[in-house]
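Here is work25.tsv, consisting of TSV, C-alpha atoms and all ligand atoms:
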chain	number	residue	atom	x	y	z
A	25	MET	CA	0.00	0.00	0.00
A	26	ILE	CA	1.08	3.54	-0.63
A	27	SER	CA	-0.11	6.82	0.76
A	28	LEU	CA	-1.39	9.26	-1.86
A	29	SER	CA	-2.10	12.94	-1.34
A	30	TYR	CA	-5.37	13.95	-2.89
A	31	ASP	CA	-7.92	16.66	-3.55
A	32	LEU	CA	-11.00	15.08	-5.06
A	33	HIS	CA	-13.49	17.94	-5.00
A	34	ILE	CA	-12.47	20.86	-7.18
A	35	HIS	CA	-14.78	23.05	-9.27
A	36	SER	CA	-13.79	24.35	-12.69
A	37	CYS	CA	-15.08	27.28	-14.75
A	38	LEU	CA	-17.96	25.02	-15.79
A	39	SER	CA	-19.57	25.44	-12.37
A	40	PRO	CA	-21.38	28.80	-12.32
A	41	CYS	CA	-19.89	29.47	-8.89
A	42	GLY	CA	-16.40	28.43	-10.03
A	43	ASP	CA	-13.99	31.23	-10.91
A	44	ASN	CA	-13.34	31.62	-14.64
A	45	ASP	CA	-9.62	31.19	-13.90
A	46	MET	CA	-10.45	27.62	-12.86
A	47	LEU	CA	-9.40	26.36	-16.27
A	48	PRO	CA	-8.46	22.68	-16.40
A	49	SER	CA	-4.91	23.75	-17.35
A	50	ASN	CA	-4.63	25.95	-14.26
A	51	ILE	CA	-6.14	23.33	-11.96
A	52	VAL	CA	-3.93	20.48	-13.13
A	53	GLY	CA	-0.89	22.77	-13.28
A	54	MET	CA	-1.53	23.91	-9.71
A	55	ALA	CA	-1.99	20.31	-8.56
A	56	ALA	CA	1.33	19.37	-10.15
A	57	LEU	CA	3.02	22.37	-8.53
A	58	LYS	CA	1.66	21.35	-5.14
A	59	ASN	CA	2.72	17.74	-5.66
A	60	LEU	CA	-0.78	16.37	-5.26
A	61	ASP	CA	-0.86	12.73	-6.32
A	62	VAL	CA	-4.54	12.49	-7.19
A	63	ILE	CA	-7.16	15.06	-8.11
A	64	ALA	CA	-10.73	15.16	-9.37
A	65	VAL	CA	-12.51	18.06	-11.01
A	66	THR	CA	-16.11	17.77	-9.85
A	67	ASP	CA	-18.37	20.38	-11.34
A	68	HIS	CA	-22.00	20.66	-10.34
A	69	CYS	CA	-23.93	18.00	-12.27
A	70	SER	CA	-21.56	17.90	-15.25
A	71	CYS	CA	-18.42	16.07	-16.41
A	72	ARG	CA	-17.95	18.17	-19.51
A	73	ASN	CA	-14.56	19.60	-18.52
A	74	CYS	CA	-13.20	16.16	-17.69
A	75	PRO	CA	-11.82	15.42	-21.19
A	76	ALA	CA	-9.47	18.41	-20.88
A	77	VAL	CA	-8.52	17.34	-17.36
A	78	ALA	CA	-7.70	13.83	-18.63
A	79	LYS	CA	-5.29	15.11	-21.28
A	80	LEU	CA	-3.60	17.57	-18.94
A	81	ALA	CA	-3.31	15.07	-16.10
A	82	ASP	CA	-1.50	12.70	-18.45
A	83	ALA	CA	0.84	15.48	-19.55
A	84	TYR	CA	1.62	16.59	-15.98
A	85	GLY	CA	1.85	13.12	-14.45
A	86	VAL	CA	-1.01	13.80	-12.04
A	87	THR	CA	-3.45	10.95	-11.46
A	88	ALA	CA	-7.02	12.05	-12.10
A	89	LEU	CA	-10.42	10.64	-11.33
A	90	PHE	CA	-13.37	11.94	-13.33
A	91	GLY	CA	-16.81	12.85	-12.18
A	92	MET	CA	-19.07	15.49	-10.77
A	93	GLU	CA	-20.77	16.83	-7.68
A	94	LEU	CA	-24.32	15.69	-8.29
A	95	THR	CA	-27.28	17.47	-6.71
A	96	SER	CA	-30.03	15.00	-5.90
A	97	GLU	CA	-33.74	15.67	-6.06
A	98	GLU	CA	-33.57	16.52	-2.34
A	99	GLU	CA	-30.70	18.97	-3.03
A	100	VAL	CA	-28.11	16.73	-1.37
A	101	HIS	CA	-24.62	17.13	-2.86
A	102	ILE	CA	-22.90	13.87	-3.76
A	103	LEU	CA	-19.50	13.25	-5.33
A	104	CYS	CA	-19.72	10.70	-8.14
A	105	LEU	CA	-16.24	9.56	-9.15
A	106	PHE	CA	-15.00	7.25	-11.90
A	107	ASP	CA	-11.58	5.91	-12.87
A	108	ASP	CA	-12.52	5.92	-16.54
A	109	LEU	CA	-13.22	9.06	-18.58
A	110	LYS	CA	-15.64	7.34	-20.95
A	111	ALA	CA	-17.71	5.94	-18.09
A	112	ALA	CA	-17.80	9.36	-16.43
A	113	MET	CA	-18.95	11.02	-19.66
A	114	GLU	CA	-21.68	8.41	-20.14
A	115	TYR	CA	-22.84	8.91	-16.58
A	116	GLY	CA	-22.77	12.66	-17.29
A	117	GLU	CA	-25.11	12.13	-20.23
A	118	TYR	CA	-27.47	10.18	-18.00
A	119	VAL	CA	-27.45	13.04	-15.45
A	120	ARG	CA	-28.12	15.55	-18.26
A	121	SER	CA	-31.27	13.62	-19.08
A	122	GLN	CA	-32.39	14.23	-15.51
A	123	TYR	CA	-31.90	18.02	-15.41
A	124	LEU	CA	-34.73	20.34	-14.48
A	125	ASP	CA	-35.63	22.67	-17.26
A	126	VAL	CA	-34.09	25.85	-15.81
A	127	MET	CA	-31.67	27.90	-17.87
A	128	ASN	CA	-28.57	29.59	-16.53
A	129	VAL	CA	-28.46	33.37	-16.41
A	130	PRO	CA	-24.70	34.00	-16.53
A	131	ALA	CA	-25.00	37.59	-15.30
A	132	ILE	CA	-26.65	36.33	-12.11
A	133	PHE	CA	-25.21	32.86	-11.50
A	134	GLY	CA	-21.93	32.97	-13.43
A	135	ASP	CA	-20.56	31.46	-16.63
A	136	GLN	CA	-20.64	27.73	-17.30
A	137	LEU	CA	-17.67	27.34	-19.64
A	138	ILE	CA	-16.61	24.15	-21.37
A	139	VAL	CA	-12.94	24.44	-22.31
A	140	ASP	CA	-10.29	22.30	-23.94
A	141	GLU	CA	-6.77	21.54	-22.72
A	142	ASP	CA	-5.48	24.72	-24.42
A	143	ASP	CA	-7.93	27.03	-22.64
A	144	ASN	CA	-10.15	27.49	-25.69
A	145	VAL	CA	-13.81	27.92	-24.76
A	146	ILE	CA	-15.47	25.22	-26.84
A	147	GLY	CA	-18.99	25.60	-25.48
A	148	THR	CA	-21.22	26.57	-22.62
A	149	GLU	CA	-23.74	24.59	-20.65
A	150	ASP	CA	-27.10	26.35	-20.90
A	151	THR	CA	-29.00	24.53	-18.15
A	152	LEU	CA	-28.34	25.94	-14.68
A	153	LEU	CA	-26.00	23.41	-13.10
A	154	ILE	CA	-26.51	24.39	-9.46
A	155	ASN	CA	-30.10	23.25	-9.55
A	156	ALA	CA	-31.40	19.96	-8.22
A	157	THR	CA	-31.79	17.08	-10.66
A	158	LYS	CA	-34.66	14.60	-10.83
A	159	ILE	CA	-32.52	11.83	-9.30
A	160	GLY	CA	-33.62	10.74	-5.81
A	161	PHE	CA	-30.87	10.11	-3.24
A	162	GLU	CA	-31.90	6.48	-2.79
A	163	TYR	CA	-31.20	5.65	-6.46
A	164	ILE	CA	-27.76	7.19	-6.74
A	165	TYR	CA	-25.53	4.45	-5.29
A	166	ASP	CA	-26.76	1.78	-7.70
A	167	LYS	CA	-26.79	4.13	-10.67
A	168	VAL	CA	-23.19	5.25	-10.13
A	169	GLU	CA	-22.13	1.66	-9.56
A	170	GLU	CA	-23.79	0.66	-12.83
A	171	TYR	CA	-21.31	2.98	-14.58
A	172	GLY	CA	-18.42	1.62	-12.50
A	173	GLY	CA	-18.04	4.59	-10.17
A	174	VAL	CA	-18.29	5.41	-6.50
A	175	MET	CA	-20.83	7.58	-4.68
A	176	ILE	CA	-19.58	9.75	-1.83
A	177	PRO	CA	-21.97	12.06	0.04
A	178	ALA	CA	-20.27	15.48	0.07
A	179	HIS	CA	-19.54	17.77	3.05
A	180	VAL	CA	-21.97	15.79	5.23
A	181	GLU	CA	-21.66	18.16	8.20
A	182	LYS	CA	-22.67	21.24	6.19
A	183	LYS	CA	-25.85	23.04	7.18
A	184	ALA	CA	-27.14	23.05	3.61
A	185	ASN	CA	-27.00	20.72	0.63
A	186	SER	CA	-25.84	17.78	2.70
A	187	LEU	CA	-27.11	14.33	3.52
A	188	ILE	CA	-27.67	15.20	7.17
A	189	ALA	CA	-29.05	18.71	6.65
A	190	ASN	CA	-31.45	17.75	3.88
A	191	LEU	CA	-32.48	14.20	4.81
A	192	GLY	CA	-32.10	14.46	8.59
A	193	ALA	CA	-30.44	11.06	8.90
A	194	VAL	CA	-28.68	8.39	6.86
A	195	PRO	CA	-31.46	6.50	5.03
A	196	GLU	CA	-31.72	2.91	6.26
A	197	GLU	CA	-31.07	1.25	2.93
A	198	SER	CA	-27.88	3.28	2.26
A	199	LYS	CA	-24.89	1.44	0.80
A	200	PHE	CA	-22.20	4.11	0.52
A	201	ARG	CA	-18.93	3.24	2.29
A	202	THR	CA	-17.12	6.59	2.08
A	203	PHE	CA	-18.18	10.11	2.97
A	204	GLU	CA	-16.67	13.55	2.73
A	205	MET	CA	-16.28	15.99	5.60
A	206	LYS	CA	-14.92	19.48	5.26
A	207	HIS	CA	-14.19	19.96	8.95
A	208	VAL	CA	-12.78	16.63	10.06
A	209	GLY	CA	-12.79	17.66	13.71
A	210	TYR	CA	-16.52	16.98	13.81
A	211	ARG	CA	-16.11	13.31	12.92
A	212	ASP	CA	-16.57	11.91	16.46
A	213	GLU	CA	-19.66	14.02	17.01
A	214	LEU	CA	-21.05	12.94	13.65
A	215	CYS	CA	-20.40	9.25	14.30
A	216	GLU	CA	-22.02	9.48	17.71
A	217	LYS	CA	-25.19	10.96	16.25
A	218	HIS	CA	-25.16	8.81	13.12
A	219	PRO	CA	-23.37	5.49	13.80
A	220	TYR	CA	-23.58	4.55	10.11
A	221	PHE	CA	-20.52	6.73	9.48
A	222	LYS	CA	-18.37	4.77	11.98
A	223	ASP	CA	-17.64	2.00	9.48
A	224	CYS	CA	-17.08	4.37	6.57
A	225	LEU	CA	-13.92	5.85	5.19
A	226	MET	CA	-13.78	9.62	5.63
A	227	ILE	CA	-12.18	11.86	3.03
A	228	SER	CA	-11.72	15.63	3.09
A	229	ASN	CA	-11.28	17.91	0.11
A	230	SER	CA	-10.93	21.60	-0.67
A	231	ASP	CA	-14.20	22.09	-2.58
A	232	ALA	CA	-12.14	24.81	-4.26
A	233	HIS	CA	-13.90	27.34	-6.49
A	234	TYR	CA	-10.75	29.50	-6.76
A	235	LEU	CA	-7.26	28.42	-7.72
A	236	GLU	CA	-5.68	29.48	-4.44
A	237	HIS	CA	-8.07	27.25	-2.49
A	238	ILE	CA	-6.88	23.95	-3.97
A	239	ASN	CA	-5.47	21.91	-1.10
A	240	GLU	CA	-1.82	21.45	-0.28
A	241	PRO	CA	-0.90	17.76	0.15
A	242	ILE	CA	-2.53	17.55	3.59
A	243	ASN	CA	-4.94	14.63	3.08
A	244	PHE	CA	-3.80	11.12	2.28
A	245	LEU	CA	-5.46	7.97	1.07
A	246	GLU	CA	-4.07	4.44	1.24
A	247	ALA	CA	-4.14	2.66	-2.13
A	248	ASP	CA	-2.46	-0.34	-3.75
A	249	GLU	CA	-0.63	1.89	-6.22
A	250	LYS	CA	-0.72	5.37	-7.77
A	251	SER	CA	-3.40	4.79	-10.36
A	252	ALA	CA	-6.99	5.93	-10.89
A	253	LYS	CA	-8.14	2.33	-10.65
A	254	ALA	CA	-6.44	1.76	-7.29
A	255	VAL	CA	-7.76	5.06	-5.90
A	256	LEU	CA	-11.30	4.18	-6.97
A	257	LYS	CA	-10.97	0.79	-5.32
A	258	ALA	CA	-9.82	2.46	-2.10
A	259	LEU	CA	-12.76	4.87	-2.24
A	260	LYS	CA	-15.25	2.05	-2.80
A	261	ASN	CA	-13.94	0.72	0.51
A	262	LEU	CA	-15.66	-2.64	0.14
B	301	ZN	ZN	-21.40	21.01	-2.46
B	302	ZN	ZN	-18.52	21.53	-4.38
Please rewrite the model in this file as structure tokens.
Ligand SMILES: [Zn+2]
Ligand SMILES: [Zn+2]
Amino acid sequence: MISLSYDLHIHSCLSPCGDNDMLPSNIVGMAALKNLDVIAVTDHCSCRNCPAVAKLADAYGVTALFGMELTSEEEVHILCLFDDLKAAMEYGEYVRSQYLDVMNVPAIFGDQLIVDEDDNVIGTEDTLLINATKIGFEYIYDKVEEYGGVMIPAHVEKKANSLIANLGAVPEESKFRTFEMKHVGYRDELCEKHPYFKDCLMISNSDAHYLEHINEPINFLEADEKSAKAVLKALKNL
């Protein structure tokens, strides 16, 4: 086993709330500069900047997972991560079919830019990505697994858009084995209130929307080797 530094929750310029300087080239370049072993760009409800991330990660020698921060029907935020770009893109298409019909207003919510590895804007997403989707929380684990990925409830201690805030408790039939906490100091308190989390792996990420907020190598994950496949296996925590 090796210990890998990671930051698996980073927003790009595709998220309306993400800074327009969050170009895949800047994100991957910053990760390389900081010596992060593994990163994931996880825009709200879209994987459409992942192809650029894949190319850049290869070029910089950074291991990348691909995916998104999905918003469920109940407005719970959930990281959906894949070790395979194609699988992530296909899952992204499925999620697109479950969007609510609400358009983005860039002047109010921010731009939703799709860019290539050379910083060219190659498109925009017109549907507002920070909205809920039509996908109920209870269906997400199996759906993500169907595409070969892992589901990780995001920032579970947050007072909004989290499993605990929005659902009140961990649903009985839950299967997820990993969760994300922003403030790891609350773990004991969380586990006491919700024993389900005791047996889960906890990860912590920057949730960066600005370049300077991407984590230093402060969080580590044990994996068989430095590869997307091994990291995904560790995150599945089966
Ligand atoms: Zn979130
Ligand atoms: Zn986020």
Near Glu114 of chain A, within 12 Å and counting all atoms listed in the file, which residues show up once chain neighbours fewer than 2 positions away are dropped, as a list in words?
Ser70, Cys71, Arg72, Cys74, Phe90, Gly91, Phe106, Asp108, Leu109, Lys110, Ala111, Ala112, Gly116, Glu117, Tyr118, Val119, Arg120, Ser121, Lys167, Val168, Glu170, Tyr171, Gly172 and Gly173 of chain A
Shell of 12 Å around ligand ZN 301 (chain B) (all atoms listed in the file), written as a ChimeraX atom specification
/A:33-35,39,41-42,66-69,92-96,99-104,153-156,176-187,204-206,229-233
Rounded to one decimal in Å, what is the spacing between atom CA of Ala193 of chain A and atom CA of His207 of chain A?
18.5 Å
Determine the nearest neighbour of ligand ZN 302 (chain B) from the options A:Cys215, A:Met25, A:Met127, A:Ile238, counting all atoms listed in the file.
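Once distances to ligand ZN 302 (chain B) are computed over all atoms listed in the file, the minimum belongs to A:Ile238.
Put simply, atom CA of Val208 of chain A is 10.7 Å away from atom CA of Asn243 of chain A.
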Would you mind telling me which residue in A:His237, A:Lys260, A:Lys253, A:Lys199 lies nearest to Glu162 of chain A when using only C-alpha atoms?
A:Lys199
Do you have the atom CA of Tyr123 of chain A-atom CA of Pro40 of chain A distance handy?
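We find that atom CA of Tyr123 of chain A and atom CA of Pro40 of chain A lie 15.4 Å from each other.
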Distance criterion (only C-alpha atoms): nearest to Ala252 of chain A out of A:Ala64, A:Leu28, A:Ala78, A:Leu89:
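Nearest to Ala252 of chain A: A:Leu89.
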When you count all atoms listed in the file, which of these residues is closest to ligand ZN 302 (chain B): A:Asp150, A:Asp31, A:Asp82, A:Glu246?
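Of all the options, A:Asp31 lies closest to ligand ZN 302 (chain B).
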Show me, as lines of an AutoDock Vina configuration file, the centre and edge lengths in Å to one decimal of the axis-aligned box that covers every listed atom of segment 125-133 of chain A with 5 Å on each side.
center_x = -30.2
center_y = 30.1
center_z = -14.7
size_x = 20.9
size_y = 24.9
size_z = 16.4
Hey, what's within 6 Å of Leu38 of chain A if we count all atoms listed in the file and toss same-chain stuff fewer than 6 positions away? As a compact mmCIF listing (two decimals) with C-alpha atoms, in the coordinates of the input, please?
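Generated output (result16.txt):
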# COMPACT_ATOMS: atom_id res chain seq x y z
CA GLN A 136 -20.64 27.73 -17.30
CA LEU A 137 -17.67 27.34 -19.64
CA ILE A 138 -16.61 24.15 -21.37
For each of A:Leu152, A:Ile146, A:Met46, A:Leu32, take the minimum atom-to-atom distance to Tyr234 of chain A, counting all atoms listed in the file, then give the residue where this is smallest.
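Distance minimum relative to Tyr234 of chain A lands on A:Met46.
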Using all atoms listed in the file, which of A:Val65, A:Leu256, A:Val52, A:Leu124 sits nearest ligand ZN 302 (chain B)?
A:Val65
Quick one: residues within 9 Å of (-15.5, 8.6, -0.3) (file frame), counting only C-alpha atoms, please, as a count of residues only.
21
Ala83 of chain A environment, 12 Å, all atoms listed in the file, sequence neighbours closer than 3 positions dropped, as a VMD selection string
chain A and resid 49 52 to 53 56 76 to 80 86 to 88 141
